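**Student:** To be precise about what I am sending: the file is called upload-v8.txt and holds compact mmCIF, C-alpha atoms.
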# COMPACT_ATOMS: atom_id res chain seq x y z
CA MET A 1 -20.37 -5.09 -8.89
CA SER A 2 -17.30 -7.13 -7.86
CA ASP A 3 -15.69 -6.90 -4.43
CA ILE A 4 -12.74 -5.03 -5.90
CA ASP A 5 -14.95 -2.59 -7.81
CA LEU A 6 -16.95 -1.85 -4.65
CA LEU A 7 -13.82 -1.21 -2.57
CA GLN A 8 -12.22 0.94 -5.28
CA SER A 9 -15.40 3.03 -5.46
CA VAL A 10 -15.34 3.68 -1.71
CA VAL A 11 -11.65 4.62 -1.34
CA THR A 12 -11.36 8.40 -1.58
CA ARG A 13 -8.48 10.08 -3.40
CA TYR A 14 -7.12 13.44 -2.23
CA PRO A 15 -4.70 15.07 -4.67
CA ASP A 16 -1.77 17.07 -3.31
CA PHE A 17 -2.13 15.70 0.23
CA PRO A 18 -0.09 15.73 2.43
CA LYS A 19 2.10 17.63 -0.04
CA PRO A 20 1.98 18.63 -3.73
CA GLY A 21 2.34 15.74 -6.16
CA ILE A 22 1.03 13.10 -3.72
CA VAL A 23 -2.42 11.54 -4.19
CA PHE A 24 -3.54 10.35 -0.75
CA LEU A 25 -5.73 7.25 -0.77
CA ASP A 26 -8.12 7.38 2.19
CA ILE A 27 -9.32 3.91 3.19
CA PHE A 28 -11.41 5.15 6.13
CA PRO A 29 -14.61 5.42 4.05
CA ILE A 30 -14.51 1.60 3.86
CA PHE A 31 -15.04 1.54 7.63
CA HIS A 32 -17.89 4.05 7.38
CA ASP A 33 -19.83 1.62 5.16
CA PRO A 34 -20.71 -1.70 6.86
CA VAL A 35 -21.20 -3.47 3.51
CA ALA A 36 -17.82 -2.30 2.23
CA PHE A 37 -16.14 -3.23 5.52
CA GLU A 38 -17.66 -6.71 5.47
CA THR A 39 -16.68 -7.05 1.80
CA LEU A 40 -13.07 -6.15 2.66
CA ILE A 41 -12.76 -8.72 5.46
CA THR A 42 -14.58 -11.43 3.53
CA HIS A 43 -12.43 -10.80 0.45
CA PHE A 44 -9.21 -11.20 2.44
CA VAL A 45 -10.47 -14.33 4.24
CA TYR A 46 -11.60 -15.88 0.95
CA HIS A 47 -8.21 -15.10 -0.62
CA ILE A 48 -6.37 -16.66 2.32
CA THR A 49 -8.54 -19.79 2.44
CA SER A 50 -8.65 -20.34 -1.33
CA HIS A 51 -5.14 -19.26 -2.40
CA THR A 52 -2.74 -18.82 0.51
CA ILE A 53 -3.54 -21.81 2.73
CA PRO A 54 -3.66 -24.39 -0.09
CA LYS A 55 -0.08 -23.44 -1.05
CA SER A 56 1.21 -23.94 2.51
CA VAL A 57 2.62 -27.21 3.80
CA ARG A 58 0.61 -27.23 7.05
CA LYS A 59 -2.60 -25.86 5.45
CA LYS A 60 -3.15 -23.40 8.28
CA VAL A 61 -2.56 -19.80 9.35
CA ASP A 62 -1.46 -19.66 12.98
CA VAL A 63 -0.90 -15.91 13.37
CA VAL A 64 -2.10 -12.73 11.69
CA VAL A 65 0.33 -9.84 12.23
CA GLY A 66 -1.07 -6.31 11.92
CA LEU A 67 1.09 -3.24 11.40
CA ASP A 68 0.67 -0.10 13.47
CA ALA A 69 -1.94 1.31 13.17
CA ARG A 70 -4.30 0.52 10.32
CA GLY A 71 -3.34 -3.15 10.33
CA PHE A 72 -4.96 -3.21 13.78
CA LEU A 73 -8.33 -2.39 12.18
CA ILE A 74 -8.44 -5.44 9.91
CA GLY A 75 -5.96 -7.92 11.39
CA PRO A 76 -7.96 -9.01 14.46
CA LEU A 77 -11.10 -9.64 12.39
CA ILE A 78 -9.20 -11.73 9.85
CA ALA A 79 -7.48 -13.65 12.66
CA LEU A 80 -10.78 -14.33 14.40
CA ARG A 81 -12.35 -15.70 11.22
CA LEU A 82 -9.34 -17.94 10.58
CA GLY A 83 -9.11 -19.19 14.17
CA ALA A 84 -5.64 -17.65 14.37
CA ALA A 85 -3.88 -15.45 16.91
CA PHE A 86 -3.40 -11.73 16.31
CA VAL A 87 -0.01 -10.12 16.98
CA PRO A 88 0.51 -6.36 16.72
CA VAL A 89 3.66 -4.73 15.38
CA ARG A 90 4.02 -1.34 17.07
CA LYS A 91 6.26 1.65 16.87
CA LYS A 92 9.21 1.60 19.28
CA GLY A 93 8.36 2.10 22.93
CA LYS A 94 4.65 1.24 22.71
CA LEU A 95 4.77 -2.43 23.82
CA PRO A 96 5.57 -3.64 27.35
CA GLY A 97 8.17 -6.27 28.17
CA PRO A 98 11.06 -7.58 26.09
CA CYS A 99 10.67 -6.88 22.38
CA LYS A 100 12.45 -7.60 19.11
CA GLN A 101 13.20 -4.53 16.97
CA ALA A 102 13.56 -3.86 13.26
CA SER A 103 14.22 -0.46 11.71
CA TYR A 104 13.20 0.83 8.30
CA GLU A 105 13.76 3.93 6.23
CA LYS A 106 10.99 6.45 5.70
CA GLU A 107 10.99 9.43 3.38
CA TYR A 108 12.03 11.67 6.28
CA GLY A 109 14.17 9.41 8.46
CA ILE A 110 14.44 6.04 10.21
CA ASP A 111 11.62 4.43 12.20
CA THR A 112 11.62 1.30 14.34
CA PHE A 113 8.98 -1.39 14.78
CA GLU A 114 8.73 -3.77 17.72
CA MET A 115 7.10 -7.11 18.42
CA GLN A 116 6.92 -8.73 21.85
CA ASP A 117 9.33 -11.62 22.37
CA GLY A 118 7.56 -14.96 22.12
CA ALA A 119 4.50 -13.57 20.33
CA ILE A 120 5.23 -15.97 17.46
CA ARG A 121 6.60 -19.47 18.03
CA HIS A 122 9.14 -21.15 15.78
CA GLY A 123 7.48 -22.68 12.70
CA GLN A 124 4.15 -20.88 13.00
CA ASN A 125 2.52 -19.82 9.71
CA VAL A 126 1.98 -16.06 9.53
CA VAL A 127 0.19 -13.58 7.28
CA ILE A 128 1.03 -9.88 7.64
CA VAL A 129 -1.67 -7.26 7.00
CA ASP A 130 -1.67 -3.50 6.53
CA ASP A 131 -3.67 -0.91 4.65
CA LEU A 132 -1.09 0.16 2.07
CA ILE A 133 2.25 -0.82 0.61
CA ALA A 134 4.33 1.87 -1.08
CA THR A 135 8.11 1.50 -0.74
CA GLY A 136 7.73 -1.68 1.33
CA GLY A 137 9.96 -0.51 4.19
CA SER A 138 7.50 -1.00 7.04
CA ALA A 139 6.30 -4.33 5.62
CA SER A 140 9.89 -5.54 5.29
CA ALA A 141 10.62 -4.56 8.91
CA ALA A 142 7.54 -6.46 10.09
CA GLY A 143 8.69 -9.47 8.08
CA SER A 144 12.10 -9.26 9.75
CA LEU A 145 10.40 -9.36 13.16
CA VAL A 146 8.43 -12.46 12.16
CA HIS A 147 11.62 -14.16 10.93
CA MET A 148 13.49 -13.21 14.14
CA GLN A 149 10.84 -15.14 16.09
CA GLY A 150 11.10 -18.15 13.75
CA GLY A 151 7.79 -17.60 11.97
CA ASN A 152 7.06 -18.67 8.40
CA ILE A 153 5.51 -15.85 6.33
CA LEU A 154 2.88 -17.22 3.97
CA GLU A 155 1.90 -13.86 2.49
CA TYR A 156 1.63 -10.11 2.97
CA LEU A 157 -1.86 -8.64 2.47
CA PHE A 158 -2.66 -5.01 1.67
CA ILE A 159 -5.78 -3.10 0.76
CA VAL A 160 -3.86 -0.77 -1.58
CA GLU A 161 -0.57 -1.14 -3.45
CA ILE A 162 1.29 1.75 -5.06
CA SER A 163 2.48 -0.33 -8.03
CA ALA A 164 4.99 2.22 -9.33
CA LEU A 165 7.06 1.72 -6.16
CA ARG A 166 7.14 -2.11 -6.35
CA LYS A 167 10.66 -1.96 -7.81
CA ASN A 168 11.88 -0.63 -4.43
CA TRP A 169 10.58 -3.58 -2.41
CA THR A 170 12.96 -5.94 -0.65
CA ILE A 171 10.15 -8.32 0.31
CA GLU A 172 10.83 -11.90 -0.75
CA ASP A 173 7.54 -13.51 0.36
CA PRO A 174 4.31 -13.38 -1.68
CA VAL A 175 2.31 -10.13 -1.68
CA TYR A 176 -1.42 -9.74 -2.37
CA SER A 177 -3.14 -6.38 -2.70
CA ILE A 178 -6.77 -5.74 -3.54
CA ILE A 179 -6.35 -2.35 -5.21
CA GLN A 180 -3.34 -1.47 -7.37
CA GLU A 181 -2.81 2.23 -8.02
Show how you would write the structure in this file as structure tokens.
**Tutor:**
Amino acid sequence: MSDIDLLQSVVTRYPDFPKPGIVFLDIFPIFHDPVAFETLITHFVYHITSHTIPKSVRKKVDVVVGLDARGFLIGPLIALRLGAAFVPVRKKGKLPGPCKQASYEKEYGIDTFEMQDGAIRHGQNVVIVDDLIATGGSASAAGSLVHMQGGNILEYLFIVEISALRKNWTIEDPVYSIIQE
């Protein structure tokens, strides 16, 4: 069984959740299964070291940015394996000290992400990780925060992509997702 097949088999689908017509993809069963969890992290690290880094000028990832909150579950492990720093992107008001802000549209309003000033230095190579990309709004906001700090986004990484919504994305940097729905 391939890495992707294993991860697809573990992700649970819940029709009509949280509302009718939505199929919720629950990634938490990956974390319940140590083999699946290790497969997930190893798959991302292999992708970064074999595809992402060779395409970069400096041949290195300096920072892994994880989006609130599921990006916090995988981002630090990926960063540790790459010898990179981990930087969280949090919802407004959750980080101390001076922060940069970027807002994005959700299906029911506007939300704002923050990143601490100075968390990324000018010219650092960054990968951004999260569990899922649908409309791309939160990912785009995180990318804006990286650019505000002078970072160079090498790639966005997601466990799951809702492919039908790709046309709505405003992301200009490369995107890699393990599972396309």
**Student:** Find the residues near Ile30 (chain A): any atom within 10 Å, counting all atoms listed in the file, skip ones fewer than 5 places away on the same chain, and give them as a ChimeraX atom specification.
**Tutor:** /A:6-12,35-40
**Student:** Please provide as a list in words all residues within 6 Å of region 101-114 of chain A, with the sequence filter that same-chain residues fewer than 6 positions apart are discarded (counting all atoms listed in the file).
**Tutor:**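 Those residues are Val89, Arg90, Lys91, Lys92, Gly137 and Ala141 of chain A.
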**Student:** Could you check how far CA of Phe86 (chain A) sits from CA of Val129 (chain A), in Å to one decimal?
**Tutor:**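 Answer for the CA of Phe86 (chain A) to CA of Val129 (chain A) separation: 10.5 Å.
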**Student:** Please produce, as a Markdown table, a per-residue contact table for region 80-164 of chain A versus region 58-74 of chain A (criterion: any atom at most 9 Å away, all atoms listed in the file considered), showing the nearest atom pair and its distance in Å to one decimal, sorted by chain then residue number.
**Tutor:**
| residue | atom | partner | partner_atom | distance |
| --- | --- | --- | --- | --- |
| A:Leu82 | CA | A:Val61 | CA | 7.1 |
| A:Gly83 | CA | A:Asp62 | CA | 7.8 |
| A:Ala84 | CA | A:Asp62 | CA | 4.8 |
| A:Ala85 | CA | A:Val63 | CA | 4.7 |
| A:Phe86 | CA | A:Val64 | CA | 4.9 |
| A:Val87 | CA | A:Val65 | CA | 4.8 |
| A:Pro88 | CA | A:Gly66 | CA | 5.1 |
| A:Val89 | CA | A:Leu67 | CA | 5.0 |
| A:Arg90 | CA | A:Asp68 | CA | 5.1 |
| A:Lys91 | CA | A:Asp68 | CA | 6.8 |
| A:Phe113 | CA | A:Asp68 | CA | 8.5 |
| A:Ile120 | CA | A:Val63 | CA | 7.4 |
| A:Gln124 | CA | A:Asp62 | CA | 5.7 |
| A:Asn125 | CA | A:Val61 | CA | 5.1 |
| A:Val126 | CA | A:Val63 | CA | 4.8 |
| A:Val127 | CA | A:Val64 | CA | 5.0 |
| A:Ile128 | CA | A:Val65 | CA | 4.6 |
| A:Val129 | CA | A:Gly66 | CA | 5.0 |
| A:Asp130 | CA | A:Gly71 | CA | 4.2 |
| A:Asp131 | CA | A:Arg70 | CA | 5.9 |
| A:Leu132 | CA | A:Arg70 | CA | 8.9 |
| A:Ser138 | CA | A:Leu67 | CA | 8.1 |
| A:Ala139 | CA | A:Leu67 | CA | 7.9 |
| A:Ala142 | CA | A:Leu67 | CA | 7.3 |
| A:Val146 | CA | A:Val65 | CA | 8.5 |
| A:Gly151 | CA | A:Val63 | CA | 9.0 |
| A:Leu154 | CA | A:Val61 | CA | 8.1 |
| A:Phe158 | CA | A:Gly71 | CA | 8.9 |
**Student:** Hey, which of A:Pro54, A:Pro174, A:Pro18, A:Gly118 ends up closest to Gly143 (chain A)? Count all atoms listed in the file.
**Tutor:**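 When distances to Gly143 (chain A) are compared using all atoms listed in the file, the smallest one comes from A:Pro174.
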**Student:** Using only C-alpha atoms, find each residue in region 143-171 of chain A having at least one atom no more than 12 Å away from region 19-26 of chain A; report its shortest atom-to-atom pair and that distance in Å (one decimal), rows by chain then rising number, as JSON lines.
**Tutor:**
{"residue": "A:Ile159", "atom": "CA", "partner": "A:Leu25", "partner_atom": "CA", "distance": 10.5}
{"residue": "A:Val160", "atom": "CA", "partner": "A:Leu25", "partner_atom": "CA", "distance": 8.3}
{"residue": "A:Glu161", "atom": "CA", "partner": "A:Leu25", "partner_atom": "CA", "distance": 10.2}
{"residue": "A:Ile162", "atom": "CA", "partner": "A:Leu25", "partner_atom": "CA", "distance": 9.9}
**Student:** What does the distance between CA of Thr52 (chain A) and CA of Gln116 (chain A) come to in Å, to one decimal place?
**Tutor:**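 CA of Thr52 (chain A) sits 25.5 Å away from CA of Gln116 (chain A).
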**Student:** Determine, counting all atoms listed in the file, which protein, DNA and RNA residues have an atom within 9 Å of an atom of Leu165 (chain A); residues of the same chain fewer than 4 positions away are not included. Present the result as number ranges by chain.
**Tutor:** A: 133-136, 161, 169
**Student:** Using the block above, I'd like region 24-40 of chain A written out, keeping all heavy atoms and formatting it as a compact mmCIF listing (two decimals), in the first residue's frame.
**Tutor:**
# COMPACT_ATOMS: atom_id res chain seq x y z
N PHE A 24 -17.48 16.31 5.53
CA PHE A 24 -16.38 16.69 6.40
C PHE A 24 -15.32 15.61 6.36
O PHE A 24 -15.61 14.42 6.53
CB PHE A 24 -16.88 16.86 7.84
CG PHE A 24 -15.83 17.35 8.79
CD1 PHE A 24 -15.55 18.70 8.90
CD2 PHE A 24 -15.12 16.45 9.57
CE1 PHE A 24 -14.58 19.14 9.78
CE2 PHE A 24 -14.15 16.89 10.45
CZ PHE A 24 -13.87 18.24 10.56
N LEU A 25 -14.07 16.02 6.11
CA LEU A 25 -12.95 15.09 6.09
C LEU A 25 -12.20 15.21 7.41
O LEU A 25 -11.57 16.24 7.68
CB LEU A 25 -12.02 15.41 4.92
CG LEU A 25 -12.68 15.31 3.55
CD1 LEU A 25 -11.79 15.90 2.47
CD2 LEU A 25 -13.02 13.87 3.24
N ASP A 26 -12.28 14.18 8.22
CA ASP A 26 -11.68 14.17 9.55
C ASP A 26 -10.28 13.57 9.48
O ASP A 26 -10.12 12.38 9.23
CB ASP A 26 -12.56 13.36 10.51
CG ASP A 26 -12.07 13.37 11.93
OD1 ASP A 26 -11.11 14.12 12.25
OD2 ASP A 26 -12.64 12.62 12.74
N ILE A 27 -9.25 14.42 9.69
CA ILE A 27 -7.87 13.93 9.65
C ILE A 27 -7.40 13.36 10.98
O ILE A 27 -6.35 12.72 11.04
CB ILE A 27 -6.90 15.05 9.22
CG1 ILE A 27 -6.92 16.19 10.25
CG2 ILE A 27 -7.19 15.53 7.81
CD1 ILE A 27 -5.64 16.95 10.36
N PHE A 28 -8.17 13.57 12.06
CA PHE A 28 -7.71 13.14 13.37
C PHE A 28 -7.42 11.63 13.48
O PHE A 28 -6.53 11.25 14.25
CB PHE A 28 -8.63 13.63 14.48
CG PHE A 28 -8.43 15.08 14.78
CD1 PHE A 28 -9.46 15.97 14.61
CD2 PHE A 28 -7.21 15.56 15.21
CE1 PHE A 28 -9.28 17.33 14.86
CE2 PHE A 28 -7.01 16.91 15.46
CZ PHE A 28 -8.05 17.80 15.29
N PRO A 29 -8.10 10.76 12.74
CA PRO A 29 -7.72 9.35 12.81
C PRO A 29 -6.27 9.08 12.39
O PRO A 29 -5.67 8.09 12.84
CB PRO A 29 -8.71 8.67 11.85
CG PRO A 29 -9.93 9.52 11.94
CD PRO A 29 -9.38 10.93 12.02
N ILE A 30 -5.67 9.97 11.60
CA ILE A 30 -4.24 9.82 11.28
C ILE A 30 -3.42 9.88 12.56
O ILE A 30 -2.48 9.11 12.74
CB ILE A 30 -3.77 10.91 10.28
CG1 ILE A 30 -4.43 10.72 8.92
CG2 ILE A 30 -2.25 10.94 10.17
CD1 ILE A 30 -4.18 11.85 7.92
N PHE A 31 -3.79 10.77 13.48
CA PHE A 31 -3.04 10.94 14.72
C PHE A 31 -3.32 9.83 15.73
O PHE A 31 -2.53 9.63 16.66
CB PHE A 31 -3.34 12.32 15.32
CG PHE A 31 -2.99 13.44 14.39
CD1 PHE A 31 -3.97 14.06 13.64
CD2 PHE A 31 -1.68 13.84 14.23
CE1 PHE A 31 -3.65 15.07 12.76
CE2 PHE A 31 -1.34 14.85 13.34
CZ PHE A 31 -2.33 15.47 12.60
N HIS A 32 -4.41 9.10 15.52
CA HIS A 32 -4.73 7.96 16.40
C HIS A 32 -3.89 6.74 16.04
O HIS A 32 -3.80 5.81 16.83
CB HIS A 32 -6.20 7.56 16.27
CG HIS A 32 -7.16 8.65 16.57
ND1 HIS A 32 -8.49 8.57 16.26
CD2 HIS A 32 -7.02 9.86 17.17
CE1 HIS A 32 -9.11 9.68 16.63
NE2 HIS A 32 -8.24 10.47 17.18
N ASP A 33 -3.32 6.73 14.85
CA ASP A 33 -2.58 5.59 14.32
C ASP A 33 -1.11 5.98 14.15
O ASP A 33 -0.78 6.74 13.24
CB ASP A 33 -3.19 5.19 12.97
CG ASP A 33 -2.51 4.03 12.29
OD1 ASP A 33 -1.36 3.70 12.63
OD2 ASP A 33 -3.14 3.45 11.39
N PRO A 34 -0.22 5.49 15.02
CA PRO A 34 1.19 5.90 14.95
C PRO A 34 1.84 5.63 13.59
O PRO A 34 2.68 6.42 13.14
CB PRO A 34 1.87 5.10 16.05
CG PRO A 34 0.78 4.69 16.98
CD PRO A 34 -0.46 4.58 16.15
N VAL A 35 1.48 4.56 12.93
CA VAL A 35 2.05 4.27 11.61
C VAL A 35 1.57 5.30 10.59
O VAL A 35 2.36 5.82 9.78
CB VAL A 35 1.72 2.83 11.15
CG1 VAL A 35 2.15 2.59 9.71
CG2 VAL A 35 2.39 1.82 12.08
N ALA A 36 0.30 5.63 10.61
CA ALA A 36 -0.23 6.63 9.69
C ALA A 36 0.38 8.00 9.98
O ALA A 36 0.74 8.73 9.03
CB ALA A 36 -1.75 6.69 9.79
N PHE A 37 0.52 8.34 11.25
CA PHE A 37 1.10 9.64 11.62
C PHE A 37 2.55 9.73 11.14
O PHE A 37 2.95 10.73 10.53
CB PHE A 37 1.00 9.83 13.13
CG PHE A 37 1.31 11.22 13.63
CD1 PHE A 37 1.33 12.33 12.80
CD2 PHE A 37 1.57 11.41 14.98
CE1 PHE A 37 1.61 13.60 13.29
CE2 PHE A 37 1.85 12.68 15.48
CZ PHE A 37 1.88 13.77 14.63
N GLU A 38 3.32 8.70 11.38
CA GLU A 38 4.71 8.67 10.91
C GLU A 38 4.76 8.73 9.38
O GLU A 38 5.60 9.42 8.81
CB GLU A 38 5.42 7.40 11.41
CG GLU A 38 6.84 7.25 10.89
CD GLU A 38 7.77 8.39 11.31
OE1 GLU A 38 7.64 8.91 12.44
OE2 GLU A 38 8.65 8.76 10.49
N THR A 39 3.85 8.03 8.72
CA THR A 39 3.78 8.05 7.26
C THR A 39 3.52 9.46 6.76
O THR A 39 4.14 9.92 5.79
CB THR A 39 2.69 7.08 6.76
OG1 THR A 39 3.05 5.76 7.19
CG2 THR A 39 2.56 7.10 5.25
N LEU A 40 2.60 10.17 7.41
CA LEU A 40 2.28 11.54 7.02
C LEU A 40 3.51 12.45 7.11
O LEU A 40 3.85 13.14 6.14
CB LEU A 40 1.17 12.09 7.93
CG LEU A 40 0.83 13.57 7.76
CD1 LEU A 40 0.15 13.81 6.41
CD2 LEU A 40 -0.03 14.05 8.91
